[in-house]
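A.B. asks: Let me begin by handing over the structure; questions about it come next.
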Protein chains: 2
Amino acid sequence: MKAPESISEAESVVLAVLWERGSATAEDVTAALGEQRNWQESTIKTLLSRLLQKGAIRAEKNGRRFIYSPLLARKQWLSKESESFLNRLFGGRVAPLVAHFSRERKLSKRDIRELRDLLRDLEGE
Amino acid sequence: MKAPESISEAESVVLAVLWERGSATAEDVTAALGEQRNWQESTIKTLLSRLLQKGAIRAEKNGRRFIYSPLLARKQWLSKESESFLNRLFGGRVAPLVAHFSRERKLSKRDIRELRDLLRDLEGE
DNA sequence: TGTAACTGTTTACACACGTAGTCGAATCGG
DNA sequence: CCGATTCGACTACGTGTGTAAACAGTTACA
């Protein structure tokens, strides 16, 4: 099992489409991203290839084209990215990040409410 | 005022030393990072130059060498990085990230305690 | 005062990334 | 069966990054 290579920003955008639909052709992805990013289909194909090489997705031949689907789960990716981010900036823990946001007044009412609910649930366990 | 160019990973490590000590020479930085990363002094000088060009630090001549000190504040950098991270992965808000960590059982007792205290303080405002 | 030591500046280079064009093979339509 | 179309694979290219050596100017010591 090769070391899970890191997914680049642009690649993750393509991957996100696959997470959303489960699977898709290059054309589907291009259509899905049409408005968001203005990428040529060529670009998307390159990104799909790189994701393939990195083992993050798989390609199943269907007629003359490939159907791509994720191998790397969104959850795994989120965890990996989050951890490396928190390690780099906040000593690997979540609380200091929240504290930073709090000090900077970047916590919305909604954030606060959700956090409170979350903690309440945790205590009920 | 030129657009605040983005600080790379390696650059941020050097910058962190300056935040810690307020100011330092290239030699100081090399010494400070000696154990952590195994960089040649040459490498550190390159990184300092790039930080200079990006306007993230300043250099004050002292005798035959420069004393470098941060221009970009750690807080600013934290905010910027955090925001772009949260935007990319969690719709720009903190709560979903914490929820993710909670689901994945990545919240330490300490995290939970700190979060609870933080919320208590917020309500007392 | 000449030369060694030091320190910043220049140059280097491989690799990842964003972005995309070209090519060759397969296929579809007539 | 042949030309047109359609795909994926290969190639391309500028830029940022990690990493560092070479060079040049200046200072300090013998």
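Labels for the structure tokens follow display order: chains A, B, ..., residues from 1 in each chain, ligands from 1.
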Do me a favour and pick out the residues of chain B within 8 Å of chain D, using only C-alpha atoms (C1' of nucleotides), as a PyMOL selection string.
C.D. replies: chain B and resi 8+10+40+42-43+64
A.B. asks: Generate a file of the selected residues that holds C-alpha atoms, formatted as an mmCIF file, in the first residue's frame.
C.D. replies:
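See out03.cif below for the written result:
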```cif
data_model
loop_
_atom_site.group_PDB
_atom_site.id
_atom_site.type_symbol
_atom_site.label_atom_id
_atom_site.label_comp_id
_atom_site.auth_asym_id
_atom_site.auth_seq_id
_atom_site.Cartn_x
_atom_site.Cartn_y
_atom_site.Cartn_z
ATOM 1 C CA SER B 8 4.844 28.947 2.463
ATOM 2 C CA ALA B 10 8.928 26.367 5.283
ATOM 3 C CA GLN B 40 21.671 24.435 6.168
ATOM 4 C CA SER B 42 22.016 28.659 3.330
ATOM 5 C CA THR B 43 18.465 27.438 3.276
ATOM 6 C CA ARG B 64 27.875 43.492 9.528
#
```
A.B. asks: Quick one: superpose chain B on chain A on all Cα atoms, same order, and give the RMSD.
C.D. replies: 0.2 Å
A.B. asks: Using only C-alpha atoms, which chain B residues lie at most 6 Å away from chain A, written as number ranges by chain?
C.D. replies: B: 95, 111, 115
A.B. asks: Any chance you could export the current selection's N, CA and C atoms as a PDB file, in the first residue's frame?
C.D. replies:
```
ATOM      1  N   ALA B  95     -17.728  25.533  13.838  1.00  0.00           N
ATOM      2  CA  ALA B  95     -18.511  24.472  14.476  1.00  0.00           C
ATOM      3  C   ALA B  95     -18.473  23.146  13.708  1.00  0.00           C
ATOM      4  N   ASP B 111      -9.603  19.198  25.470  1.00  0.00           N
ATOM      5  CA  ASP B 111     -10.319  20.003  24.474  1.00  0.00           C
ATOM      6  C   ASP B 111     -11.728  20.293  24.973  1.00  0.00           C
ATOM      7  N   LEU B 115     -13.272  23.884  25.761  1.00  0.00           N
ATOM      8  CA  LEU B 115     -14.400  24.385  24.977  1.00  0.00           C
ATOM      9  C   LEU B 115     -15.546  24.770  25.908  1.00  0.00           C
TER      10      LEU B 115
END
```
A.B. asks: Please indicate the distance in Å from C1' of DA5 (chain C) to CA of Asp28 (chain B), rounded to one decimal place.
C.D. replies: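 Atom-to-atom, C1' of DA5 (chain C) to CA of Asp28 (chain B), that is 18.2 Å.
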A.B. asks: Kindly provide, as a compact mmCIF listing (two decimals) with N, CA and C atoms, in the first residue's frame, the residues of chain B having any atom no farther than 10 Å from an atom of chain C, counting only C-alpha atoms (C1' of nucleotides).
C.D. replies:
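iface-v3.txt, written as the output of this step:
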```txt
# COMPACT_ATOMS: atom_id res chain seq x y z
N ALA B 26 20.17 35.62 11.17
CA ALA B 26 20.08 34.36 10.44
C ALA B 26 20.70 33.24 11.27
N GLU B 27 21.78 33.57 11.92
CA GLU B 27 22.46 32.56 12.73
C GLU B 27 21.56 32.10 13.88
N LYS B 45 18.75 31.35 4.99
CA LYS B 45 18.94 32.67 4.38
C LYS B 45 18.01 32.86 3.19
N THR B 46 17.86 31.83 2.41
CA THR B 46 16.92 31.91 1.30
C THR B 46 15.52 32.21 1.81
N SER B 49 15.17 35.74 2.91
CA SER B 49 15.07 36.63 1.75
C SER B 49 13.66 36.63 1.19
N ARG B 64 27.76 44.13 10.83
CA ARG B 64 27.87 43.49 9.53
C ARG B 64 26.73 42.54 9.22
N ARG B 65 25.83 42.40 10.15
CA ARG B 65 24.73 41.48 9.87
C ARG B 65 23.38 42.14 10.03
N PHE B 66 22.35 41.42 9.64
CA PHE B 66 21.00 41.94 9.75
C PHE B 66 20.28 41.34 10.94
```
A.B. asks: Which of chain A end up as strand (DSSP E or B) when DSSP is run on this backbone - answer as a PyMOL selection string?
C.D. replies: chain A and resi 24+57-62+65-70
A.B. asks: Would you put the residues from that selection into a file with N, CA and C atoms, as a PDB file, in the first residue's frame?
C.D. replies:
```
ATOM      1  N   ALA A  24     -18.739   9.487 -11.652  1.00  0.00           N
ATOM      2  CA  ALA A  24     -18.995  10.396 -12.760  1.00  0.00           C
ATOM      3  C   ALA A  24     -17.944  10.220 -13.845  1.00  0.00           C
ATOM      4  N   ILE A  57      -8.723   7.788  -6.480  1.00  0.00           N
ATOM      5  CA  ILE A  57      -9.962   7.406  -7.158  1.00  0.00           C
ATOM      6  C   ILE A  57      -9.679   6.179  -8.021  1.00  0.00           C
ATOM      7  N   ARG A  58     -10.737   5.585  -8.526  1.00  0.00           N
ATOM      8  CA  ARG A  58     -10.530   4.494  -9.459  1.00  0.00           C
ATOM      9  C   ARG A  58     -11.326   4.770 -10.727  1.00  0.00           C
ATOM     10  N   ALA A  59     -10.949   4.069 -11.814  1.00  0.00           N
ATOM     11  CA  ALA A  59     -11.605   4.291 -13.094  1.00  0.00           C
ATOM     12  C   ALA A  59     -12.107   2.960 -13.603  1.00  0.00           C
ATOM     13  N   GLU A  60     -13.368   2.930 -13.950  1.00  0.00           N
ATOM     14  CA  GLU A  60     -13.942   1.702 -14.455  1.00  0.00           C
ATOM     15  C   GLU A  60     -14.376   1.959 -15.886  1.00  0.00           C
ATOM     16  N   LYS A  61     -13.912   1.110 -16.772  1.00  0.00           N
ATOM     17  CA  LYS A  61     -14.220   1.342 -18.178  1.00  0.00           C
ATOM     18  C   LYS A  61     -15.680   1.025 -18.437  1.00  0.00           C
ATOM     19  N   ASN A  62     -16.327   1.935 -19.126  1.00  0.00           N
ATOM     20  CA  ASN A  62     -17.714   1.710 -19.483  1.00  0.00           C
ATOM     21  C   ASN A  62     -17.869   2.156 -20.925  1.00  0.00           C
ATOM     22  N   ARG A  65     -15.689   5.141 -22.502  1.00  0.00           N
ATOM     23  CA  ARG A  65     -15.202   6.113 -21.514  1.00  0.00           C
ATOM     24  C   ARG A  65     -15.049   5.497 -20.131  1.00  0.00           C
ATOM     25  N   PHE A  66     -14.459   6.262 -19.251  1.00  0.00           N
ATOM     26  CA  PHE A  66     -14.254   5.792 -17.895  1.00  0.00           C
ATOM     27  C   PHE A  66     -15.261   6.405 -16.950  1.00  0.00           C
ATOM     28  N   ILE A  67     -15.639   5.612 -15.978  1.00  0.00           N
ATOM     29  CA  ILE A  67     -16.443   6.148 -14.888  1.00  0.00           C
ATOM     30  C   ILE A  67     -15.540   6.181 -13.661  1.00  0.00           C
ATOM     31  N   TYR A  68     -15.401   7.352 -13.130  1.00  0.00           N
ATOM     32  CA  TYR A  68     -14.505   7.530 -11.989  1.00  0.00           C
ATOM     33  C   TYR A  68     -15.290   7.525 -10.687  1.00  0.00           C
ATOM     34  N   SER A  69     -14.709   6.916  -9.673  1.00  0.00           N
ATOM     35  CA  SER A  69     -15.336   6.980  -8.354  1.00  0.00           C
ATOM     36  C   SER A  69     -14.258   7.073  -7.282  1.00  0.00           C
ATOM     37  N   PRO A  70     -14.620   7.639  -6.152  1.00  0.00           N
ATOM     38  CA  PRO A  70     -13.622   7.885  -5.106  1.00  0.00           C
ATOM     39  C   PRO A  70     -13.183   6.592  -4.430  1.00  0.00           C
TER      40      PRO A  70
END
```
A.B. asks: When DSSP is applied to the backbone of this structure, which of chain B are assigned helix (DSSP H, G or I)? Write them out as a PyMOL selection string.
C.D. replies: chain B and resi 9-21+26-33+41-53+74-90+94-103+109-123
A.B. asks: Next, write the just-selected residues to a file, as a CSV table (one decimal), in the first residue's frame, keeping C-alpha atoms as the atom set.
C.D. replies:
```
chain,number,residue,atom,x,y,z
B,9,GLU,CA,5.2,26.1,5.0
B,10,ALA,CA,8.9,26.4,5.3
B,11,GLU,CA,8.8,30.1,5.5
B,12,SER,CA,6.3,30.0,8.3
B,13,VAL,CA,8.7,27.9,10.3
B,14,VAL,CA,11.3,30.6,10.1
B,15,LEU,CA,8.7,33.2,10.8
B,16,ALA,CA,7.7,31.4,13.9
B,17,VAL,CA,11.2,31.8,15.3
B,18,LEU,CA,10.9,35.5,14.9
B,19,TRP,CA,7.5,35.6,16.6
B,20,GLU,CA,9.0,33.7,19.5
B,21,ARG,CA,12.0,35.9,20.0
B,26,ALA,CA,20.1,34.4,10.4
B,27,GLU,CA,22.5,32.6,12.7
B,28,ASP,CA,20.0,32.7,15.6
B,29,VAL,CA,17.3,31.2,13.5
B,30,THR,CA,19.6,28.5,12.3
B,31,ALA,CA,20.5,27.7,15.9
B,32,ALA,CA,16.9,27.8,17.0
B,33,LEU,CA,15.8,25.4,14.3
B,41,GLU,CA,22.2,28.1,7.0
B,42,SER,CA,22.0,28.7,3.3
B,43,THR,CA,18.5,27.4,3.3
B,44,ILE,CA,17.4,29.7,6.1
B,45,LYS,CA,18.9,32.7,4.4
B,46,THR,CA,16.9,31.9,1.3
B,47,LEU,CA,13.8,31.7,3.4
B,48,LEU,CA,14.5,35.0,5.1
B,49,SER,CA,15.1,36.6,1.8
B,50,ARG,CA,11.8,35.4,0.5
B,51,LEU,CA,10.0,36.5,3.6
B,52,LEU,CA,11.6,39.9,3.1
B,53,GLN,CA,10.4,40.1,-0.5
B,74,ARG,CA,1.1,36.0,14.1
B,75,LYS,CA,-2.5,36.7,14.8
B,76,GLN,CA,-3.1,38.0,11.3
B,77,TRP,CA,-1.4,35.0,9.9
B,78,LEU,CA,-3.4,32.6,12.0
B,79,SER,CA,-6.6,34.3,11.0
B,80,LYS,CA,-5.8,34.2,7.4
B,81,GLU,CA,-4.7,30.6,7.3
B,82,SER,CA,-7.6,29.5,9.5
B,83,GLU,CA,-10.1,31.2,7.4
B,84,SER,CA,-8.9,29.8,4.1
B,85,PHE,CA,-8.7,26.4,5.6
B,86,LEU,CA,-12.2,26.5,7.0
B,87,ASN,CA,-13.5,27.9,3.8
B,88,ARG,CA,-12.0,25.1,1.8
B,89,LEU,CA,-13.1,22.3,4.1
B,90,PHE,CA,-16.0,23.4,6.3
B,94,VAL,CA,-15.7,26.5,13.1
B,95,ALA,CA,-18.5,24.5,14.5
B,96,PRO,CA,-18.6,21.9,11.7
B,97,LEU,CA,-14.9,21.2,12.2
B,98,VAL,CA,-15.4,20.6,15.9
B,99,ALA,CA,-18.4,18.4,15.0
B,100,HIS,CA,-16.2,16.4,12.7
B,101,PHE,CA,-13.6,15.9,15.4
B,102,SER,CA,-16.3,14.9,17.8
B,103,ARG,CA,-17.7,12.3,15.5
B,109,LYS,CA,-10.8,15.6,27.6
B,110,ARG,CA,-8.8,18.7,27.7
B,111,ASP,CA,-10.3,20.0,24.5
B,112,ILE,CA,-13.8,19.4,25.8
B,113,ARG,CA,-13.0,21.1,29.1
B,114,GLU,CA,-11.5,24.1,27.4
B,115,LEU,CA,-14.4,24.4,25.0
B,116,ARG,CA,-16.9,24.2,27.8
B,117,ASP,CA,-15.0,27.0,29.7
B,118,LEU,CA,-14.8,29.1,26.6
B,119,LEU,CA,-18.6,28.8,26.0
B,120,ARG,CA,-19.3,29.6,29.6
B,121,ASP,CA,-17.2,32.8,29.3
B,122,LEU,CA,-19.0,33.7,26.1
B,123,GLU,CA,-22.4,33.5,27.7
```
A.B. asks: Go ahead and compute the interatomic distance for CA of Gly92 (chain B) and CA of Arg105 (chain A), in Å to one decimal.
C.D. replies: 14.1 Å
A.B. asks: Distance CA of Glu35 (chain A)-CA of Ile7 (chain B), one decimal place?
C.D. replies: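 That distance, rounded to one decimal, is 29.3 Å.
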